[in-house]
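J.: Hey, dropping entry.cif in here, mmCIF, C-alpha atoms:
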data_final
#
loop_
_atom_site.label_atom_id
_atom_site.label_comp_id
_atom_site.auth_asym_id
_atom_site.auth_seq_id
_atom_site.Cartn_x
_atom_site.Cartn_y
_atom_site.Cartn_z
CA MET A 225 18.71 0.02 -21.77
CA PRO A 226 15.15 1.43 -21.53
CA THR A 227 14.53 4.86 -20.06
CA VAL A 228 11.80 4.89 -17.42
CA VAL A 229 10.17 6.99 -14.73
CA GLY A 230 9.02 5.49 -11.42
CA VAL A 231 5.39 6.15 -10.56
CA THR A 232 3.49 5.39 -7.36
CA PHE A 233 -0.24 5.57 -6.76
CA LYS A 234 -0.22 5.73 -2.95
CA SER A 235 1.92 7.30 -0.27
CA ALA A 236 4.86 4.93 0.32
CA GLY A 237 3.28 2.63 -2.24
CA LYS A 238 4.97 0.26 -4.66
CA VAL A 239 6.83 1.92 -7.54
CA TYR A 240 5.94 1.01 -11.13
CA TYR A 241 8.00 1.82 -14.21
CA PHE A 242 6.57 3.67 -17.21
CA ASP A 243 8.05 4.98 -20.44
CA PRO A 244 8.19 8.83 -20.24
CA ASP A 245 7.36 8.77 -23.97
CA GLY A 246 9.01 12.10 -24.72
CA HIS A 247 7.21 14.05 -21.98
CA SER A 248 9.27 16.44 -19.88
CA LEU A 249 8.70 15.00 -16.42
CA GLY A 250 10.38 15.53 -13.07
CA PHE A 251 10.24 14.27 -9.51
CA GLY A 252 6.89 15.00 -7.88
CA ASN A 253 4.99 15.52 -11.15
CA TRP A 254 1.54 13.94 -11.46
CA VAL A 255 0.86 11.86 -14.56
CA ILE A 256 -1.95 9.90 -16.19
CA VAL A 257 -1.15 6.29 -17.08
CA GLU A 258 -2.93 3.16 -18.25
CA THR A 259 -2.79 0.23 -15.82
CA SER A 260 -4.39 -3.20 -15.56
CA ARG A 261 -7.11 -1.53 -13.46
CA GLY A 262 -7.79 1.16 -16.03
CA LEU A 263 -6.87 4.82 -16.26
CA GLU A 264 -4.97 5.98 -13.16
CA ILE A 265 -3.26 9.10 -11.82
CA GLY A 266 0.09 8.70 -10.09
CA GLN A 267 3.06 10.70 -8.88
CA ILE A 268 6.63 10.42 -10.13
CA VAL A 269 9.01 9.36 -7.35
CA ILE A 270 11.91 8.30 -9.61
CA SER A 271 13.00 10.75 -12.31
CA ALA A 272 13.80 9.55 -15.83
CA ARG A 273 16.74 7.15 -15.91
CA GLU A 274 18.00 4.09 -17.69
CA VAL A 275 17.46 0.70 -16.06
CA LYS A 276 18.38 -2.85 -16.94
CA GLU A 277 16.07 -4.66 -19.31
CA GLU A 278 15.42 -7.41 -16.74
CA ASP A 279 14.19 -4.83 -14.20
CA VAL A 280 11.28 -3.87 -16.44
CA VAL A 281 7.98 -5.72 -16.54
CA GLN A 282 7.00 -6.02 -20.17
CA PRO A 283 5.25 -4.53 -21.96
CA LEU A 284 6.52 -1.18 -20.69
CA LYS A 285 3.53 1.14 -20.91
CA PRO A 286 3.95 4.85 -21.72
CA VAL A 287 2.93 7.85 -19.67
CA LEU A 288 -0.18 9.10 -21.46
CA ARG A 289 0.22 12.73 -20.40
CA PRO A 290 1.09 15.00 -17.49
CA ALA A 291 -1.88 15.52 -15.18
CA THR A 292 -3.86 18.74 -15.58
CA VAL A 293 -5.52 20.95 -12.99
CA ASP A 294 -8.83 19.24 -13.85
CA ASP A 295 -7.23 15.82 -13.29
CA LEU A 296 -6.08 16.82 -9.81
CA ALA A 297 -9.54 18.20 -9.07
CA GLN A 298 -10.98 14.84 -10.14
CA LEU A 299 -8.56 13.07 -7.79
CA GLY A 300 -9.77 15.25 -4.92
CA GLU A 301 -13.39 14.53 -5.77
CA ASN A 302 -12.68 10.80 -5.87
CA LYS A 303 -11.22 11.00 -2.36
CA LYS A 304 -14.40 12.65 -1.11
CA GLN A 305 -16.58 10.00 -2.76
CA GLU A 306 -14.44 7.23 -1.24
CA LYS A 307 -15.42 8.35 2.27
CA GLU A 308 -19.10 8.08 1.39
CA ALA A 309 -18.57 4.70 -0.30
CA LEU A 310 -16.81 3.42 2.84
CA LYS A 311 -19.81 4.38 4.96
CA ILE A 312 -22.32 2.76 2.60
CA CYS A 313 -20.31 -0.45 2.30
CA GLN A 314 -20.04 -0.76 6.08
CA GLU A 315 -23.80 -0.43 6.38
CA LYS A 316 -24.29 -3.19 3.80
CA ILE A 317 -21.80 -5.45 5.59
CA ASN A 318 -23.75 -4.97 8.81
CA GLU A 319 -27.04 -5.72 7.05
CA HIS A 320 -25.68 -9.01 5.72
CA GLY A 321 -23.97 -9.87 9.01
CA LEU A 322 -20.72 -10.73 7.27
CA PRO A 323 -17.63 -11.63 9.38
CA MET A 324 -15.33 -9.12 7.74
CA LYS A 325 -13.61 -5.87 8.72
CA LEU A 326 -13.75 -3.10 6.13
CA VAL A 327 -10.39 -1.32 5.97
CA ASP A 328 -10.36 1.05 3.01
CA VAL A 329 -11.97 1.90 -0.31
CA GLU A 330 -10.47 3.19 -3.53
CA TYR A 331 -11.91 4.51 -6.77
CA THR A 332 -9.90 4.07 -9.93
CA PHE A 333 -9.19 7.48 -11.45
CA ASP A 334 -11.69 6.97 -14.28
CA ARG A 335 -14.33 5.85 -11.72
CA LYS A 336 -15.02 2.66 -13.67
CA LYS A 337 -14.26 0.50 -10.63
CA ILE A 338 -14.44 0.72 -6.85
CA ILE A 339 -12.15 -1.52 -4.79
CA PHE A 340 -13.06 -2.33 -1.19
CA TYR A 341 -10.28 -3.71 1.01
CA PHE A 342 -11.12 -5.90 3.98
CA THR A 343 -9.68 -8.38 6.46
CA ALA A 344 -11.31 -11.58 7.67
CA GLU A 345 -10.38 -14.73 9.56
CA GLY A 346 -11.21 -16.97 6.60
CA ARG A 347 -13.14 -17.03 3.34
CA VAL A 348 -16.23 -14.83 3.14
CA ASP A 349 -19.18 -15.32 0.80
CA PHE A 350 -19.76 -11.72 -0.25
CA ARG A 351 -21.63 -12.34 -3.51
CA GLU A 352 -24.85 -10.74 -2.28
CA LEU A 353 -22.89 -7.80 -0.89
CA VAL A 354 -21.30 -7.21 -4.30
CA LYS A 355 -24.74 -7.22 -5.93
CA ASP A 356 -26.02 -4.65 -3.44
CA LEU A 357 -23.00 -2.40 -3.94
CA ALA A 358 -23.29 -2.64 -7.73
CA ARG A 359 -26.93 -1.50 -7.52
CA VAL A 360 -25.92 1.49 -5.39
CA PHE A 361 -22.82 2.66 -7.28
CA ARG A 362 -23.64 1.35 -10.77
CA THR A 363 -20.04 0.56 -11.58
CA ARG A 364 -17.69 -2.42 -11.29
CA ILE A 365 -17.16 -3.61 -7.72
CA GLU A 366 -14.13 -5.48 -6.41
CA LEU A 367 -13.73 -6.77 -2.85
CA ARG A 368 -10.11 -7.59 -2.03
CA GLN A 369 -9.06 -9.44 1.11
CA ILE A 370 -5.77 -8.20 2.57
CA GLY A 371 -3.43 -9.24 5.38
CA VAL A 372 -2.85 -7.52 8.71
CA ARG A 373 0.41 -5.89 7.56
CA ASP A 374 -1.39 -4.29 4.62
CA GLU A 375 -4.13 -3.16 7.00
CA ALA A 376 -1.60 -1.40 9.22
CA LYS A 377 -0.04 0.28 6.18
CA MET A 378 -3.44 1.60 5.04
CA ILE A 379 -4.71 2.75 8.43
CA GLY A 380 -1.39 3.98 9.81
CA GLY A 381 -0.54 4.87 13.38
CA MET A 382 2.39 5.24 15.75
CA GLY A 383 4.93 2.54 16.47
CA PRO A 384 6.21 1.71 19.99
CA CYS A 385 9.21 3.94 19.20
CA GLY A 386 6.86 6.93 19.05
CA ARG A 387 7.32 7.45 15.32
CA GLU A 388 4.91 7.05 12.41
CA LEU A 389 4.74 3.46 11.20
CA CYS A 390 7.59 2.65 8.81
CA CYS A 391 5.22 0.86 6.43
CA GLN A 392 3.09 3.97 6.05
CA SER A 393 5.85 6.56 5.92
CA PHE A 394 8.55 5.10 3.69
CA LEU A 395 8.56 1.28 3.30
CA ARG A 396 7.26 0.56 -0.18
CA ASN A 397 7.50 -3.23 0.05
CA PHE A 398 7.23 -5.71 2.89
CA GLU A 399 10.27 -7.93 3.28
CA PRO A 400 10.49 -11.14 5.34
CA VAL A 401 11.29 -10.70 9.03
CA SER A 402 12.26 -13.67 11.22
CA ILE A 403 12.65 -14.36 14.93
CA ARG A 404 16.30 -15.18 14.16
CA MET A 405 16.88 -11.46 13.55
CA ALA A 406 15.66 -10.63 17.06
CA LYS A 407 17.87 -13.33 18.56
CA ALA A 408 20.94 -12.06 16.70
CA GLN A 409 20.33 -8.57 18.14
CA ASP A 410 20.02 -9.99 21.66
CA LEU A 411 16.47 -8.66 22.07
CA ALA A 412 13.96 -10.04 24.56
CA LEU A 413 11.89 -12.63 22.70
CA ASN A 414 8.67 -11.32 24.18
CA PRO A 415 6.01 -11.01 21.45
CA ALA A 416 4.73 -7.80 23.02
CA LYS A 417 8.16 -6.20 22.65
CA ILE A 418 9.08 -7.31 19.13
CA SER A 419 5.69 -7.14 17.43
CA GLY A 420 4.16 -4.17 15.64
CA ILE A 421 0.56 -2.98 15.86
CA CYS A 422 -0.25 -5.46 13.08
CA GLY A 423 0.68 -8.31 15.42
CA ARG A 424 3.55 -9.44 13.20
CA LEU A 425 7.28 -9.11 13.87
CA MET A 426 8.36 -5.49 13.53
CA CYS A 427 9.80 -4.49 10.17
CA CYS A 428 12.63 -2.59 11.90
CA LEU A 429 14.15 -5.88 13.09
CA ARG A 430 15.49 -6.19 9.57
CA TYR A 431 17.28 -2.84 9.43
CA GLU A 432 20.45 -3.94 11.25
CA SER A 433 20.20 -7.70 10.75
CA GLU A 434 22.83 -7.75 8.00
CA ALA A 435 25.31 -5.90 10.22
CA TYR A 436 24.78 -8.43 13.01
CA GLU A 437 25.21 -11.32 10.59
CA ASN A 438 28.55 -9.80 9.60
CA GLY A 439 29.61 -9.50 13.25
CA GLU A 440 29.12 -5.74 13.52
CA ASN A 441 27.16 -3.71 16.11
CA GLN A 442 27.30 -6.58 18.56
CA ASN A 443 27.06 -4.22 21.49
CA SER A 444 24.52 -1.78 20.12
CA GLY A 445 21.53 -3.50 21.74
CA GLY A 446 19.45 -3.94 18.59
CA CYS A 447 17.88 -1.46 16.23
CA SER A 448 17.35 2.03 17.64
CA CYS A 449 13.58 1.90 18.01
CA GLN A 450 13.77 -1.47 19.76
CA LYS A 451 16.46 -0.13 22.10
CA GLU A 452 14.33 2.91 22.97
CA LYS A 453 11.31 0.72 23.63
CA GLN A 454 13.12 -1.67 25.96
CA GLU A 455 14.89 1.15 27.84
CA ASP A 456 11.54 2.84 28.47
CA GLU A 457 10.26 -0.38 29.99
#
Since I need it in another form, could you write the structure as structure tokens?
T.:
Amino acid sequence: MPTVVGVTFKSAGKVYYFDPDGHSLGFGNWVIVETSRGLEIGQIVISAREVKEEDVVQPLKPVLRPATVDDLAQLGENKKQEKEALKICQEKINEHGLPMKLVDVEYTFDRKKIIFYFTAEGRVDFRELVKDLARVFRTRIELRQIGVRDEAKMIGGMGPCGRELCCQSFLRNFEPVSIRMAKAQDLALNPAKISGICGRLMCCLRYESEAYENGENQNSGGCSCQKEKQEDE
């Protein structure tokens, strides 16, 4: 079985496997890796361990090297530049009168590409916008349309339970949530009570759904944050 380390590039982001390639690496270490987007810096959230062959996306790329002090300084500088890029892009969107909502911007670590994330009701012709941005930043530009759940994860906020959004704090992947889960937990089927700030069914409806399907917790009144919300009302 291959030995891997799990690396993430965002807080509560998806975990990707890389070959430690002989480097002495531990939980929380920053590393430089090669991805489909180019050179990136990420943080180890799963220490070196063996995994099943079928759990690895081939080819398994190696960790190039542990991140240096200069690498971390570059990461900080990129974050500063992203704020300025967000402002400039929003101005260009307004100039073109495009029906899109800019959510976030991200530089790749090597600064060879800038990715702008946005939401929109439908398709948007942003070809002229891309040309304008390319003239300003003189690097590759990518505009990526995302869904409302991804928007909530990027922006963050507080859930109706009074806690930080699950998707921003610890949920690395979105899993399907259905109205059937709310029915099984005997929750009021009021959209305002079972929807998150993204407008979709709350992720926490899934937490105890398996227990209810197995006939457990039938008197618990639903997941804890839902119970707190309905009691407050």
J.: Could you state which residues are captured by the PyMOL selection byres ((chain A and resi 316-328) around 7) in this file, as a PDB file with C-alpha atoms, in the coordinates of the input?
T.:
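For reference, out38.pdb as written:
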ATOM      1  CA  LEU A 310     -16.810   3.420   2.840  1.00  0.00           C
ATOM      2  CA  ILE A 312     -22.320   2.760   2.600  1.00  0.00           C
ATOM      3  CA  CYS A 313     -20.310  -0.450   2.300  1.00  0.00           C
ATOM      4  CA  GLN A 314     -20.040  -0.760   6.080  1.00  0.00           C
ATOM      5  CA  GLU A 315     -23.800  -0.430   6.380  1.00  0.00           C
ATOM      6  CA  VAL A 329     -11.970   1.900  -0.310  1.00  0.00           C
ATOM      7  CA  GLU A 330     -10.470   3.190  -3.530  1.00  0.00           C
ATOM      8  CA  PHE A 340     -13.060  -2.330  -1.190  1.00  0.00           C
ATOM      9  CA  TYR A 341     -10.280  -3.710   1.010  1.00  0.00           C
ATOM     10  CA  PHE A 342     -11.120  -5.900   3.980  1.00  0.00           C
ATOM     11  CA  THR A 343      -9.680  -8.380   6.460  1.00  0.00           C
ATOM     12  CA  ALA A 344     -11.310 -11.580   7.670  1.00  0.00           C
ATOM     13  CA  LEU A 353     -22.890  -7.800  -0.890  1.00  0.00           C
ATOM     14  CA  GLU A 375      -4.130  -3.160   7.000  1.00  0.00           C
TER      15      GLU A 375
END
J.: Kindly resolve the PyMOL selection byres ((chain A and resi 234-240) around 9) on the present coordinates and return the residues as a short mmCIF file (atom, residue, chain, number, x, y, z; two decimals) with C-alpha atoms, in the coordinates of the input.
T.:
data_model
loop_
_atom_site.label_atom_id
_atom_site.label_comp_id
_atom_site.auth_asym_id
_atom_site.auth_seq_id
_atom_site.Cartn_x
_atom_site.Cartn_y
_atom_site.Cartn_z
CA VAL A 229 10.17 6.99 -14.73
CA GLY A 230 9.02 5.49 -11.42
CA VAL A 231 5.39 6.15 -10.56
CA THR A 232 3.49 5.39 -7.36
CA PHE A 233 -0.24 5.57 -6.76
CA TYR A 241 8.00 1.82 -14.21
CA PHE A 242 6.57 3.67 -17.21
CA GLY A 266 0.09 8.70 -10.09
CA GLN A 267 3.06 10.70 -8.88
CA ILE A 268 6.63 10.42 -10.13
CA VAL A 269 9.01 9.36 -7.35
CA ILE A 270 11.91 8.30 -9.61
CA VAL A 280 11.28 -3.87 -16.44
CA VAL A 281 7.98 -5.72 -16.54
CA LYS A 377 -0.04 0.28 6.18
CA CYS A 391 5.22 0.86 6.43
CA GLN A 392 3.09 3.97 6.05
CA SER A 393 5.85 6.56 5.92
CA PHE A 394 8.55 5.10 3.69
CA LEU A 395 8.56 1.28 3.30
CA ARG A 396 7.26 0.56 -0.18
CA ASN A 397 7.50 -3.23 0.05
#
J.: At what distance in Å, to one decimal, does CA of Phe361 (chain A) lie from CA of Lys336 (chain A)?
T.: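 We find that CA of Lys336 (chain A) and CA of Phe361 (chain A) lie 10.1 Å from each other.
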J.: Between A:Ala309, A:Ile370, A:Ile379, A:Val255, which one has atoms that come closest to Arg289 (chain A), using all atoms listed in the file?
T.: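 Result for the nearest residue to Arg289 (chain A): A:Val255.
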J.: Under the rule that all atoms listed in the file are counted, which of A:Ile265, A:Ile338, A:Cys390, A:Val348 is the nearest residue to Arg362 (chain A)?
T.: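 Using all atoms listed in the file, the shortest distance to Arg362 (chain A) belongs to A:Ile338.
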J.: Evaluating the PyMOL selection byres ((chain A and resi 430-434) around 8) on the displayed file yields which residues, as number ranges by chain?
T.: A: 401, 405, 408-409, 427-429, 435-438, 446-447
J.: Let me see the file: selected residues, C-alpha atoms, as a PDB file, keeping the file's coordinate frame.
T.:
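Once written, result.pdb looks like this:
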ATOM      1  CA  VAL A 401      11.290 -10.700   9.030  1.00  0.00           C
ATOM      2  CA  MET A 405      16.880 -11.460  13.550  1.00  0.00           C
ATOM      3  CA  ALA A 408      20.940 -12.060  16.700  1.00  0.00           C
ATOM      4  CA  GLN A 409      20.330  -8.570  18.140  1.00  0.00           C
ATOM      5  CA  CYS A 427       9.800  -4.490  10.170  1.00  0.00           C
ATOM      6  CA  CYS A 428      12.630  -2.590  11.900  1.00  0.00           C
ATOM      7  CA  LEU A 429      14.150  -5.880  13.090  1.00  0.00           C
ATOM      8  CA  ALA A 435      25.310  -5.900  10.220  1.00  0.00           C
ATOM      9  CA  TYR A 436      24.780  -8.430  13.010  1.00  0.00           C
ATOM     10  CA  GLU A 437      25.210 -11.320  10.590  1.00  0.00           C
ATOM     11  CA  ASN A 438      28.550  -9.800   9.600  1.00  0.00           C
ATOM     12  CA  GLY A 446      19.450  -3.940  18.590  1.00  0.00           C
ATOM     13  CA  CYS A 447      17.880  -1.460  16.230  1.00  0.00           C
TER      14      CYS A 447
END
J.: For the atom pair CA of Arg335 (chain A) and CA of Lys285 (chain A), what is the interatomic distance in Å to one decimal place?
T.: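 Separating CA of Arg335 (chain A) from CA of Lys285 (chain A) is a distance of 20.6 Å.
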